[in-house]
file data_19.cif (mmCIF, C-alpha atoms)
data_entry
#
loop_
_atom_site.label_atom_id
_atom_site.label_comp_id
_atom_site.auth_asym_id
_atom_site.auth_seq_id
_atom_site.Cartn_x
_atom_site.Cartn_y
_atom_site.Cartn_z
CA MET A 445 10.54 1.93 23.90
CA ILE A 446 10.07 0.02 20.67
CA THR A 447 12.97 -2.24 19.73
CA PHE A 448 13.94 -3.78 16.42
CA TRP A 449 12.55 -7.12 17.63
CA ASP A 450 9.14 -5.57 18.32
CA ILE A 451 9.01 -4.29 14.75
CA ALA A 452 10.18 -7.68 13.44
CA LEU A 453 7.58 -9.52 15.56
CA VAL A 454 4.78 -7.26 14.31
CA PHE A 455 5.83 -7.88 10.71
CA ILE A 456 5.99 -11.64 11.35
CA GLY A 457 2.52 -11.53 12.93
CA VAL A 458 1.04 -9.59 10.02
CA SER A 459 2.70 -11.85 7.44
CA ALA A 460 1.57 -15.00 9.30
CA PHE A 461 -2.02 -13.72 9.22
CA PHE A 462 -1.90 -13.20 5.45
CA ILE A 463 -0.09 -16.49 4.75
CA VAL A 464 -2.80 -18.38 6.65
CA LEU A 465 -5.51 -16.39 4.86
CA TYR A 466 -3.87 -17.18 1.51
CA LEU A 467 -3.69 -20.88 2.33
CA LEU A 468 -7.37 -20.85 3.32
CA GLY A 469 -8.23 -19.90 -0.25
CA SER A 470 -8.83 -22.49 -2.90
CA ALA A 471 -5.67 -24.24 -4.01
CA LYS A 472 -7.50 -25.23 -7.16
CA ARG A 473 -4.81 -25.21 -9.81
CA GLU A 474 -5.05 -25.20 -13.56
CA LYS A 475 -7.24 -28.03 -14.78
CA GLN A 476 -4.58 -29.10 -17.23
CA LYS A 477 -1.21 -27.84 -18.33
CA GLU A 478 -2.69 -26.56 -21.58
CA ALA A 479 -4.78 -24.19 -19.50
CA LEU A 480 -1.66 -22.10 -19.15
CA LEU A 481 -2.42 -20.73 -22.59
CA PRO A 482 -3.76 -18.25 -23.48
CA PHE A 483 -3.14 -15.57 -20.88
CA VAL A 484 -5.90 -14.48 -18.56
CA SER A 485 -6.43 -11.52 -20.86
CA GLY A 486 -7.49 -14.03 -23.52
CA GLU A 487 -4.73 -13.22 -25.97
CA GLU A 488 -1.57 -15.05 -26.87
CA TYR A 489 1.30 -12.59 -26.97
CA HIS A 490 5.00 -12.88 -26.81
CA PRO A 491 6.79 -11.05 -24.03
CA MET A 492 7.37 -7.47 -25.12
CA ARG A 493 9.89 -4.83 -24.30
CA ILE A 494 8.78 -1.44 -23.09
CA PRO A 495 10.54 1.22 -25.14
CA TYR A 496 12.20 3.82 -22.99
CA ARG A 497 14.04 7.06 -23.64
CA VAL A 498 17.29 8.16 -22.10
CA LYS A 499 15.57 11.36 -20.91
CA TRP A 500 13.45 9.29 -18.54
CA ILE A 501 16.55 8.31 -16.55
CA TYR A 502 16.92 11.99 -15.64
CA TYR A 503 13.48 11.93 -14.06
CA VAL A 504 14.12 8.64 -12.24
CA ALA A 505 17.37 10.13 -10.87
CA LEU A 506 15.50 13.26 -9.78
CA PHE A 507 12.91 11.09 -8.06
CA SER A 508 15.61 9.21 -6.12
CA ALA A 509 17.35 12.48 -5.19
CA TYR A 510 14.08 14.01 -3.89
CA GLU A 511 13.30 10.94 -1.79
CA THR A 512 16.81 11.10 -0.34
CA ALA A 513 16.32 14.81 0.38
CA MET A 514 13.18 14.02 2.35
CA VAL A 515 15.03 11.40 4.40
CA PHE A 516 17.83 13.95 5.08
CA THR A 517 15.23 16.49 6.18
CA ILE A 518 13.62 14.02 8.60
CA LEU A 519 17.02 13.04 9.98
CA ALA A 520 17.86 16.72 10.49
CA ILE A 521 14.58 17.19 12.40
CA ILE A 522 15.23 14.17 14.64
CA ASN A 523 18.79 15.20 15.44
CA GLY A 524 17.68 18.76 16.11
CA THR A 525 20.29 20.05 13.67
CA TYR A 526 19.79 23.08 11.53
CA LEU A 527 17.66 22.44 8.45
CA LEU A 528 19.89 24.54 6.20
CA LEU A 529 21.77 21.68 4.54
CA PRO A 530 18.71 19.67 3.45
CA ILE A 531 17.09 22.87 2.24
CA ILE A 532 20.13 23.80 0.13
CA TYR A 533 19.95 20.27 -1.28
CA VAL A 534 16.24 20.72 -2.09
CA CYS A 535 16.97 24.12 -3.74
CA LEU A 536 19.63 22.50 -5.92
CA LEU A 537 17.11 19.85 -6.89
CA ALA A 538 14.61 22.57 -7.74
CA ILE A 539 17.18 24.07 -10.12
CA SER A 540 17.79 20.65 -11.67
CA LEU A 541 14.03 20.33 -12.12
CA LEU A 542 14.07 23.56 -14.14
CA LEU A 543 16.80 22.06 -16.32
CA ALA A 544 14.94 18.78 -16.81
CA PRO A 545 14.51 17.76 -20.46
CA ALA A 546 10.99 18.31 -21.76
CA GLU A 547 9.21 15.42 -23.43
CA MET B 697 5.05 -12.14 22.42
CA LEU B 698 1.99 -10.11 23.36
CA ILE B 699 2.83 -7.67 20.58
CA LEU B 700 2.57 -10.56 18.08
CA VAL B 701 -0.98 -11.32 19.21
CA TYR B 702 -1.86 -7.60 19.05
CA ALA B 703 -0.46 -7.44 15.52
CA VAL B 704 -2.61 -10.37 14.34
CA ILE B 705 -5.77 -8.99 15.95
CA LEU B 706 -5.14 -5.49 14.58
CA THR B 707 -4.49 -6.89 11.09
CA PHE B 708 -7.86 -8.63 11.18
CA ILE B 709 -9.56 -5.39 12.27
CA PHE B 710 -7.73 -3.42 9.55
CA VAL B 711 -8.91 -5.89 6.89
CA ILE B 712 -12.55 -5.52 8.00
CA PHE B 713 -12.12 -1.73 8.18
CA ALA B 714 -10.60 -1.66 4.67
CA PHE B 715 -13.55 -3.65 3.27
CA PHE B 716 -15.97 -1.27 4.93
CA LEU B 717 -14.14 1.74 3.51
CA GLU B 718 -14.29 0.21 0.01
CA TRP B 719 -18.03 -0.31 0.38
CA PHE B 720 -18.50 3.32 1.49
CA GLU B 721 -16.46 4.60 -1.45
CA ARG B 722 -18.34 2.42 -3.96
CA LYS B 723 -21.66 3.51 -2.52
CA ILE B 724 -20.79 7.23 -2.74
CA VAL B 725 -19.46 6.95 -6.30
CA ALA B 726 -22.60 5.01 -7.28
CA ARG B 727 -24.86 7.68 -5.78
CA ILE B 728 -23.01 10.44 -7.64
CA GLN B 729 -23.37 8.51 -10.90
CA ASN B 730 -27.07 7.86 -10.24
CA ARG B 731 -26.56 4.13 -9.65
CA VAL B 732 -27.52 1.98 -6.67
CA GLY B 733 -24.07 0.50 -6.03
CA PRO B 734 -23.57 -2.55 -3.81
CA ALA B 735 -27.04 -3.57 -2.59
CA PHE B 736 -27.50 -7.29 -2.00
CA ALA B 737 -24.75 -8.72 0.24
CA GLY B 738 -25.47 -7.66 3.82
CA PRO B 739 -27.36 -4.56 5.00
CA ARG B 740 -27.26 -2.00 2.14
CA GLY B 741 -24.62 -4.14 0.43
CA ALA B 742 -22.05 -3.52 3.18
CA LEU B 743 -20.69 -7.06 2.88
CA GLN B 744 -20.16 -6.83 -0.90
CA PRO B 745 -16.34 -6.29 -0.74
CA LEU B 746 -16.07 -9.29 1.61
CA ALA B 747 -18.27 -11.37 -0.72
CA ASP B 748 -16.07 -10.35 -3.69
CA PHE B 749 -12.96 -11.36 -1.73
CA ILE B 750 -14.39 -14.78 -0.80
CA LYS B 751 -15.53 -15.37 -4.38
CA LEU B 752 -12.07 -14.57 -5.77
CA MET B 753 -10.39 -16.73 -3.13
CA SER B 754 -12.39 -19.75 -4.31
CA LYS B 755 -11.67 -19.29 -8.02
CA GLU B 756 -9.19 -21.13 -10.19
CA GLU B 757 -5.68 -19.73 -10.39
CA ILE B 758 -4.09 -19.43 -13.79
CA THR B 759 -0.37 -18.88 -14.13
CA PRO B 760 0.45 -17.28 -17.47
CA LEU B 761 3.09 -19.01 -19.55
CA GLY B 762 6.47 -17.44 -18.87
CA ALA B 763 5.48 -15.94 -15.51
CA ASP B 764 7.37 -16.88 -12.36
CA TYR B 765 5.06 -19.04 -10.21
CA LEU B 766 6.95 -18.47 -6.96
CA LEU B 767 7.08 -14.68 -7.33
CA LEU B 768 3.43 -14.58 -8.35
CA THR B 769 2.59 -16.36 -5.10
CA ILE B 770 4.90 -14.40 -2.80
CA LEU B 771 4.28 -10.86 -4.10
CA PRO B 772 0.55 -10.59 -3.23
CA ILE B 773 1.21 -11.86 0.31
CA LEU B 774 4.15 -9.48 0.72
CA MET B 775 2.17 -6.53 -0.63
CA ALA B 776 -0.78 -7.20 1.69
CA SER B 777 1.62 -7.67 4.64
CA LEU B 778 3.45 -4.39 3.98
CA SER B 779 0.18 -2.49 3.48
CA ALA B 780 -1.12 -3.74 6.84
CA PHE B 781 2.28 -3.36 8.52
CA ILE B 782 2.59 0.40 7.93
CA LEU B 783 -0.88 0.87 9.39
CA MET B 784 0.64 -0.18 12.73
CA PHE B 785 2.42 3.20 12.86
CA ILE B 786 -0.81 5.19 12.55
CA PRO B 787 -2.73 5.98 15.76
CA ILE B 788 -6.22 4.97 14.59
CA PHE B 789 -7.82 3.27 17.59
CA SER B 790 -6.06 5.13 20.37
CA PRO B 791 -3.60 8.05 20.63
CA GLN B 792 -0.73 5.56 21.02
CA PRO B 793 -0.14 3.33 17.97
CA ILE B 794 1.21 -0.19 18.41
CA LEU B 795 4.52 0.85 16.80
CA SER B 796 6.08 4.27 17.24
CA TYR B 797 9.60 5.58 17.41
CA PRO B 798 11.17 9.00 16.75
CA ALA B 799 11.93 8.40 13.06
CA ASP B 800 8.94 6.38 11.89
CA LEU B 801 8.14 8.81 9.07
CA ILE B 802 11.24 7.51 7.24
CA TYR B 803 9.90 4.01 7.65
CA ILE B 804 6.48 5.05 6.40
CA ILE B 805 7.87 6.81 3.30
CA GLY B 806 10.16 3.85 2.56
CA VAL B 807 7.60 1.08 3.01
CA SER B 808 4.87 2.94 1.10
CA ALA B 809 7.32 3.50 -1.78
CA SER B 810 8.26 -0.18 -1.75
CA ILE B 811 4.59 -1.11 -2.18
CA GLY B 812 4.62 0.99 -5.38
CA ALA B 813 7.75 -0.86 -6.50
CA LEU B 814 5.99 -4.20 -5.89
CA ILE B 815 3.15 -3.12 -8.18
CA ILE B 816 5.64 -2.36 -10.97
CA PHE B 817 7.33 -5.69 -10.30
CA THR B 818 4.01 -7.55 -10.50
CA GLY B 819 3.26 -5.99 -13.87
CA TYR B 820 6.63 -6.99 -15.27
CA ILE B 821 6.74 -10.61 -14.08
CA ASN B 822 3.60 -11.29 -16.10
CA PRO B 823 4.63 -11.42 -19.74
CA GLY B 824 1.38 -10.10 -21.26
CA PRO B 825 1.52 -6.72 -23.04
CA TYR B 826 -1.36 -5.14 -21.11
CA SER B 827 0.33 -6.08 -17.89
CA ASN B 828 3.67 -4.65 -19.01
CA VAL B 829 2.13 -1.43 -20.30
CA GLY B 830 0.22 -1.09 -17.01
CA ALA B 831 3.46 -1.56 -15.06
CA ALA B 832 5.28 1.00 -17.23
CA ARG B 833 2.44 3.47 -16.75
CA PHE B 834 2.43 2.92 -13.02
CA GLY B 835 6.21 3.43 -12.99
CA GLU B 836 5.82 6.81 -14.67
CA LEU B 837 2.97 7.72 -12.36
CA PHE B 838 4.93 6.54 -9.33
CA ILE B 839 7.99 8.74 -9.88
CA SER B 840 5.62 11.68 -10.41
CA PHE B 841 3.30 11.49 -7.40
CA GLU B 842 5.77 10.08 -4.89
CA ILE B 843 7.80 13.31 -4.65
CA PRO B 844 4.88 15.64 -3.77
CA PHE B 845 3.55 12.89 -1.49
CA ALA B 846 6.87 12.62 0.38
CA ILE B 847 7.14 16.42 0.66
CA ALA B 848 3.55 16.62 1.92
CA VAL B 849 4.44 13.99 4.54
CA VAL B 850 7.60 15.87 5.59
CA THR B 851 5.85 19.29 5.82
CA PRO B 852 4.01 18.48 9.12
CA ALA B 853 7.30 17.08 10.47
CA ILE B 854 9.06 20.40 9.80
CA ILE B 855 6.27 22.50 11.33
CA SER B 856 5.93 20.34 14.44
CA GLY B 857 9.65 19.65 14.77
CA CYS B 858 9.15 15.90 15.19
CA ALA B 859 9.41 12.99 12.79
CA SER B 860 7.00 10.50 14.30
CA VAL B 861 3.28 10.27 13.47
CA TYR B 862 2.46 9.93 17.17
CA ASP B 863 4.42 13.09 18.06
CA ILE B 864 2.89 15.06 15.18
CA VAL B 865 -0.63 14.09 16.35
CA GLN B 866 0.27 15.13 19.91
CA PHE B 867 1.61 18.45 18.61
CA GLN B 868 -1.73 19.08 16.91
CA ALA B 869 -3.61 18.10 20.07
CA GLN B 870 -1.73 20.81 21.95
CA SER B 871 -2.05 23.48 19.23
CA TYR B 872 -4.19 23.34 16.06
CA PRO B 873 -4.62 20.83 13.21
CA LEU B 874 -1.81 21.34 10.71
CA ILE B 875 -4.25 21.90 7.86
CA LEU B 876 -4.55 25.44 9.26
CA PHE B 877 -0.78 25.98 9.03
CA ALA B 878 -0.29 24.23 5.69
CA PRO B 879 -3.49 24.05 3.63
CA LEU B 880 -1.46 23.75 0.42
CA GLY B 881 0.34 20.71 1.84
CA PHE B 882 -3.02 19.10 2.63
CA ILE B 883 -4.30 19.65 -0.92
CA ILE B 884 -1.05 18.26 -2.38
CA MET B 885 -1.26 15.25 -0.10
CA LEU B 886 -4.91 14.62 -0.98
CA ILE B 887 -4.24 14.71 -4.72
CA SER B 888 -1.05 12.64 -4.44
CA LEU B 889 -2.84 10.01 -2.41
CA ILE B 890 -5.58 9.75 -5.05
CA ALA B 891 -2.78 8.95 -7.52
CA LYS B 892 -1.17 6.61 -5.02
CA ILE B 893 -4.31 4.53 -4.60
CA GLU B 894 -4.97 4.67 -8.36
CA ARG B 895 -8.38 6.24 -8.30
CA ILE B 896 -9.97 8.28 -11.10
CA PRO B 897 -8.62 10.61 -12.58
CA PHE B 898 -5.21 8.95 -12.02
CA ASP B 899 -6.09 5.33 -12.80
CA VAL B 900 -4.11 5.12 -16.04
CA ALA B 901 -2.17 2.09 -14.80
CA GLU B 902 -5.38 0.03 -14.64
CA ALA B 903 -7.52 1.82 -17.25
CA GLU B 904 -10.11 -0.91 -17.90
CA THR B 905 -11.22 0.54 -21.23
CA GLU B 906 -7.69 0.96 -22.63
CA ILE B 907 -5.47 -1.77 -21.21
CA ALA B 908 -8.07 -4.08 -19.67
CA GLY B 909 -6.92 -3.67 -16.08
CA GLY B 910 -3.20 -3.02 -16.71
CA TRP B 911 -0.83 -4.65 -14.25
CA GLN B 912 -3.69 -6.70 -12.74
CA VAL B 913 -4.93 -8.25 -15.98
CA GLU B 914 -3.06 -11.57 -15.74
CA LEU B 915 -3.93 -12.10 -12.08
CA SER B 916 -6.70 -14.43 -11.00
CA GLY B 917 -8.05 -16.30 -7.98
CA ARG B 918 -6.31 -15.80 -4.66
CA ARG B 919 -3.63 -13.56 -6.15
CA LEU B 920 -6.17 -11.07 -7.49
CA ALA B 921 -8.09 -11.24 -4.21
CA PHE B 922 -4.92 -10.37 -2.31
CA TYR B 923 -3.96 -7.52 -4.63
CA ARG B 924 -7.45 -6.05 -4.26
CA LEU B 925 -7.18 -6.40 -0.50
CA SER B 926 -3.73 -4.76 -0.56
CA MET B 927 -5.11 -1.81 -2.51
CA ASP B 928 -7.92 -1.44 0.06
CA LEU B 929 -5.41 -1.55 2.90
CA GLU B 930 -3.19 0.96 1.12
CA SER B 931 -6.20 3.27 0.69
CA LEU B 932 -6.92 2.97 4.40
CA PHE B 933 -3.27 3.72 5.19
CA ALA B 934 -3.06 6.76 2.88
CA VAL B 935 -6.28 8.31 4.17
CA ALA B 936 -5.41 7.54 7.82
CA LEU B 937 -1.97 9.12 7.33
CA CYS B 938 -3.60 12.23 5.86
CA VAL B 939 -5.98 12.45 8.85
CA SER B 940 -3.11 11.97 11.32
CA LEU B 941 -0.71 14.46 9.74
CA TYR B 942 -3.10 17.27 8.80
CA LEU B 943 -6.45 16.85 10.57
CA GLY B 944 -5.25 16.29 14.12
CA GLY B 945 -5.73 12.50 14.22
CA GLY B 946 -8.60 11.49 16.47
CA TYR B 947 -8.56 14.63 18.62
CA GLY B 948 -11.67 16.76 18.65
CA PRO B 949 -14.30 18.29 20.93
CA PHE B 950 -15.70 16.32 23.93
CA MET B 951 -12.52 14.26 24.29
CA HIS B 952 -12.50 14.77 28.05
CA ILE B 953 -15.98 13.23 28.46
CA LEU B 954 -15.67 10.06 26.39
CA GLY B 955 -11.89 9.50 26.39
CA ILE B 956 -10.39 6.96 24.00
CA PRO B 957 -13.73 5.96 22.33
CA ALA B 958 -14.12 9.65 21.37
CA TYR B 959 -10.64 9.56 19.84
CA PHE B 960 -11.60 6.61 17.64
CA LEU B 961 -14.96 8.20 16.80
CA TRP B 962 -13.35 11.48 15.71
CA PHE B 963 -10.74 9.59 13.71
CA VAL B 964 -13.43 7.61 11.85
CA ILE B 965 -15.48 10.77 11.17
CA LYS B 966 -12.45 12.54 9.68
CA LEU B 967 -11.49 9.40 7.76
CA PHE B 968 -14.92 9.18 6.16
CA ILE B 969 -14.91 12.89 5.31
CA VAL B 970 -11.61 12.46 3.40
CA VAL B 971 -12.91 9.30 1.68
CA PHE B 972 -16.07 11.21 0.76
CA VAL B 973 -13.99 13.97 -0.89
CA ILE B 974 -11.94 11.36 -2.78
CA SER B 975 -15.13 9.58 -3.90
CA LEU B 976 -16.59 12.90 -5.01
CA ILE B 977 -13.54 13.58 -7.20
CA GLU B 978 -13.68 9.99 -8.48
CA GLY B 979 -17.35 10.26 -9.28
CA ILE B 980 -17.30 13.50 -11.21
CA MET B 981 -14.02 13.32 -13.12
CA ALA B 982 -12.82 11.47 -16.20
CA ARG B 983 -9.51 9.67 -16.52
CA LEU B 984 -6.55 11.86 -17.46
CA ARG B 985 -4.03 10.78 -20.08
CA ILE B 986 -0.61 9.70 -18.82
CA ASP B 987 1.13 12.73 -20.39
CA GLN B 988 -1.40 15.06 -18.73
CA ILE B 989 -0.77 13.44 -15.36
CA LEU B 990 3.00 13.70 -15.72
CA ARG B 991 2.68 17.35 -16.75
CA ILE B 992 0.41 18.13 -13.79
CA PHE B 993 2.73 16.56 -11.24
CA TRP B 994 6.13 17.58 -12.62
CA ARG B 995 5.17 21.06 -13.75
CA TYR B 996 2.74 22.13 -11.04
CA PHE B 997 2.63 19.89 -8.00
CA ILE B 998 6.35 19.41 -7.42
CA PRO B 999 7.10 23.18 -7.55
CA LEU B 1000 4.03 23.83 -5.37
CA SER B 1001 5.17 21.23 -2.86
CA LEU B 1002 8.63 22.84 -2.79
CA LEU B 1003 6.94 26.17 -2.12
CA GLN B 1004 5.01 24.51 0.71
CA LEU B 1005 8.29 23.18 2.09
CA LEU B 1006 9.75 26.69 2.22
CA LEU B 1007 6.55 28.05 3.80
CA ALA B 1008 6.78 25.28 6.41
CA LEU B 1009 10.29 26.45 7.27
CA VAL B 1010 9.06 30.02 7.69
CA ILE B 1011 6.19 28.81 9.93
CA ARG B 1012 8.65 26.74 11.96
CA PHE B 1013 10.90 29.79 12.33
CA PHE B 1014 8.02 31.87 13.75
CA LEU B 1015 6.82 29.05 16.01
CA THR B 1016 10.26 28.74 17.60
CA LEU B 1017 10.61 32.49 18.22
#
call {"tool": "encode", "arguments": {"input": "data_19.cif", "output": "structure tokens"}}
result
Amino acid sequence: MITFWDIALVFIGVSAFFIVLYLLGSAKREKQKEALLPFVSGEEYHPMRIPYRVKWIYYVALFSAYETAMVFTILAIINGTYLLLPIIYVCLLAISLLLAPAE
Amino acid sequence: MLILVYAVILTFIFVIFAFFLEWFERKIVARIQNRVGPAFAGPRGALQPLADFIKLMSKEEITPLGADYLLLTILPILMASLSAFILMFIPIFSPQPILSYPADLIYIIGVSASIGALIIFTGYINPGPYSNVGAARFGELFISFEIPFAIAVVTPAIISGCASVYDIVQFQAQSYPLILFAPLGFIIMLISLIAKIERIPFDVAEAETEIAGGWQVELSGRRLAFYRLSMDLESLFAVALCVSLYLGGGYGPFMHILGIPAYFLWFVIKLFIVVFVISLIEGIMARLRIDQILRIFWRYFIPLSLLQLLLALVIRFFLTL
């Protein structure tokens, strides 16, 4: 039986492997502070804002709701309970998908 | 403590495996496009991904002005660690994976989604415009493909009545591969995973010719090497998950003669078949625009995956009769 500590130990082992691998790479830093500019892409830009629309929040909310629905479904399968509730939830989400604002 | 040693050894093997898979994919795409592909490093260029990794590891690191140095250092290591960590739940080398418990599908969905979130994060902590646009594009792509992907992952769980990759593979060993029960789910999973690993035609977040590499453009040296490695590991994970959930894992004919080596052999054969199909799509298609991708996923694939979910329930109902 796998315990929480087994999972934690595996993650520690995997992370340790990659930390060592990372440290094995060249630690060669920037030759001088001025080398910070320009960006790697070769251009000097100011930080920019990504324009977003309120409509997009609807889609992000739908995404979160669908992911939650999948977790509910899996939990229902594990517990051996009837799948009706998650499926009703998914059907409601399908209706909300039909009502989603078009771009 | 033995599990810690196993984890380190398996991670090393996964890294080598991921490099080999990248070489295979590059070679197939090159053949389709009438190119030679990797040819010089190692036999038939098989060591090219490793040579690329070593070259990047030895290059100078540049931290863009305004970027967070600490986050830029931690994120690639975390992303590579998570990509390798979820592979521990997939039974690749033997029928029993190193980690398995009754609800590991939740873990797999959660960790694979968090890798997507790390990509968006990486794009935003670099202040360059290409990087930010790449992150925004990946964000849009992510909320589109992740739903059909999650539904395609849950479909085998519903049909088999278990929520662990190990149990689903065992269910298929005792009956038939789930691709026969849910072919639509397999197609949805295949297309979603192409988007997940950012291959053509869904590579809008990198799009070399438009945004010069997108979220990766400000990365260099070890950081870029680690992100590339993470993407390779994520590809290996996505394809291995597809093989485990729909193609019966490593089970196939002649299992009783060869035992566990036959399991690994069958798994690798199926893995390479799926990678070949992905490479074929990558080789013959052009990049789709972001609005086309969103339309395809939201308008067609999500409703189709919901239909597959309902079909899975019907199949489950008949299986339990």
call {"tool": "atom_distance", "arguments": {"input": "data_19.cif", "atom1": "CA of Tyr923 (chain B)", "atom2": "CA of Val807 (chain B)"}}
result
16.3 Å
call {"tool": "resolve_selection", "arguments": {"input": "data_19.cif", "expression": "the PyMOL selection byres ((chain A and resi 500-515) around 7)", "output": "PyMOL selection string"}}
result
(chain A and resi 497-499+516-519+530+533-534) or (chain B and resi 802+839+843+846-847+850)
call {"tool": "residues_near_point", "arguments": {"input": "data_19.cif", "point": "(-5.2, -1.9, -19.1)", "cutoff": "10 Å", "atoms": "all atoms listed in the file", "output": "list in words"}}
result
Ser485 of chain A; Pro825, Tyr826, Ser827, Asn828, Val829, Gly830, Ala831, Arg833, Asp899, Val900, Ala901, Glu902, Ala903, Glu904, Thr905, Glu906, Ile907, Ala908, Gly909, Gly910, Trp911, Gln912 and Val913 of chain B
call {"tool": "atom_distance", "arguments": {"input": "data_19.cif", "atom1": "CA of Ser459 (chain A)", "atom2": "CA of Gln744 (chain B)"}}
result
24.8 Å
call {"tool": "closest_residue", "arguments": {"input": "data_19.cif", "among": "B:Ile709, B:Ile974, B:Cys938, B:Leu1009", "to": "chain A", "atoms": "all atoms listed in the file"}}
result
B:Leu1009
call {"tool": "residues_around", "arguments": {"input": "data_19.cif", "residues": "Gly457 (chain A)", "least_positions_apart": "3", "cutoff": "12 Å", "atoms": "only C-alpha atoms", "output": "list in words"}}
result
Trp449, Asp450, Ile451, Ala452, Leu453, Val454, Ala460, Phe461, Phe462, Ile463 and Val464 of chain A; Met697, Leu698, Ile699, Leu700, Val701, Tyr702, Ala703, Val704, Ile705, Leu706, Thr707, Phe708, Ser777, Leu778, Ala780, Phe781 and Met784 of chain B
call {"tool": "write_last_selection", "arguments": {"input": "data_19.cif", "atoms": "C-alpha atoms", "output": "tab-separated table (two decimals), keeping the file's coordinate frame"}}
result
chain	number	residue	atom	x	y	z
A	449	TRP	CA	12.55	-7.12	17.63
A	450	ASP	CA	9.14	-5.57	18.32
A	451	ILE	CA	9.01	-4.29	14.75
A	452	ALA	CA	10.18	-7.68	13.44
A	453	LEU	CA	7.58	-9.52	15.56
A	454	VAL	CA	4.78	-7.26	14.31
A	460	ALA	CA	1.57	-15.00	9.30
A	461	PHE	CA	-2.02	-13.72	9.22
A	462	PHE	CA	-1.90	-13.20	5.45
A	463	ILE	CA	-0.09	-16.49	4.75
A	464	VAL	CA	-2.80	-18.38	6.65
B	697	MET	CA	5.05	-12.14	22.42
B	698	LEU	CA	1.99	-10.11	23.36
B	699	ILE	CA	2.83	-7.67	20.58
B	700	LEU	CA	2.57	-10.56	18.08
B	701	VAL	CA	-0.98	-11.32	19.21
B	702	TYR	CA	-1.86	-7.60	19.05
B	703	ALA	CA	-0.46	-7.44	15.52
B	704	VAL	CA	-2.61	-10.37	14.34
B	705	ILE	CA	-5.77	-8.99	15.95
B	706	LEU	CA	-5.14	-5.49	14.58
B	707	THR	CA	-4.49	-6.89	11.09
B	708	PHE	CA	-7.86	-8.63	11.18
B	777	SER	CA	1.62	-7.67	4.64
B	778	LEU	CA	3.45	-4.39	3.98
B	780	ALA	CA	-1.12	-3.74	6.84
B	781	PHE	CA	2.28	-3.36	8.52
B	784	MET	CA	0.64	-0.18	12.73
call {"tool": "atom_distance", "arguments": {"input": "data_19.cif", "atom1": "CA of Ile875 (chain B)", "atom2": "CA of Val939 (chain B)"}}
result
9.7 Å
call {"tool": "decode", "arguments": {"input": "data_19.cif", "residues": "region 906-933 of chain B", "atoms": "C-alpha atoms", "output": "mmCIF file, in the first residue's frame"}}
result
data_model
loop_
_atom_site.group_PDB
_atom_site.id
_atom_site.type_symbol
_atom_site.label_atom_id
_atom_site.label_comp_id
_atom_site.auth_asym_id
_atom_site.auth_seq_id
_atom_site.Cartn_x
_atom_site.Cartn_y
_atom_site.Cartn_z
ATOM 1 C CA GLU B 906 5.231 34.630 -35.665
ATOM 2 C CA ILE B 907 6.388 35.133 -32.086
ATOM 3 C CA ALA B 908 9.936 33.766 -32.277
ATOM 4 C CA GLY B 909 9.395 30.884 -29.871
ATOM 5 C CA GLY B 910 6.701 32.444 -27.651
ATOM 6 C CA TRP B 911 7.003 31.702 -23.955
ATOM 7 C CA GLN B 912 10.472 30.172 -24.474
ATOM 8 C CA VAL B 913 12.040 33.134 -26.274
ATOM 9 C CA GLU B 914 13.730 34.766 -23.264
ATOM 10 C CA LEU B 915 15.109 31.490 -21.935
ATOM 11 C CA SER B 916 18.704 30.467 -22.471
ATOM 12 C CA GLY B 917 21.367 28.072 -21.205
ATOM 13 C CA ARG B 918 20.395 25.589 -18.517
ATOM 14 C CA ARG B 919 16.874 26.974 -18.212
ATOM 15 C CA LEU B 920 16.094 26.371 -21.878
ATOM 16 C CA ALA B 921 17.726 22.939 -21.681
ATOM 17 C CA PHE B 922 15.474 22.043 -18.757
ATOM 18 C CA TYR B 923 12.319 23.338 -20.422
ATOM 19 C CA ARG B 924 13.121 21.312 -23.537
ATOM 20 C CA LEU B 925 13.727 18.265 -21.371
ATOM 21 C CA SER B 926 10.437 18.879 -19.533
ATOM 22 C CA MET B 927 8.555 19.032 -22.818
ATOM 23 C CA ASP B 928 10.153 15.725 -23.875
ATOM 24 C CA LEU B 929 9.189 14.137 -20.567
ATOM 25 C CA GLU B 930 5.666 15.521 -20.871
ATOM 26 C CA SER B 931 5.416 14.033 -24.381
ATOM 27 C CA LEU B 932 6.530 10.678 -23.008
ATOM 28 C CA PHE B 933 3.966 10.951 -20.209
#
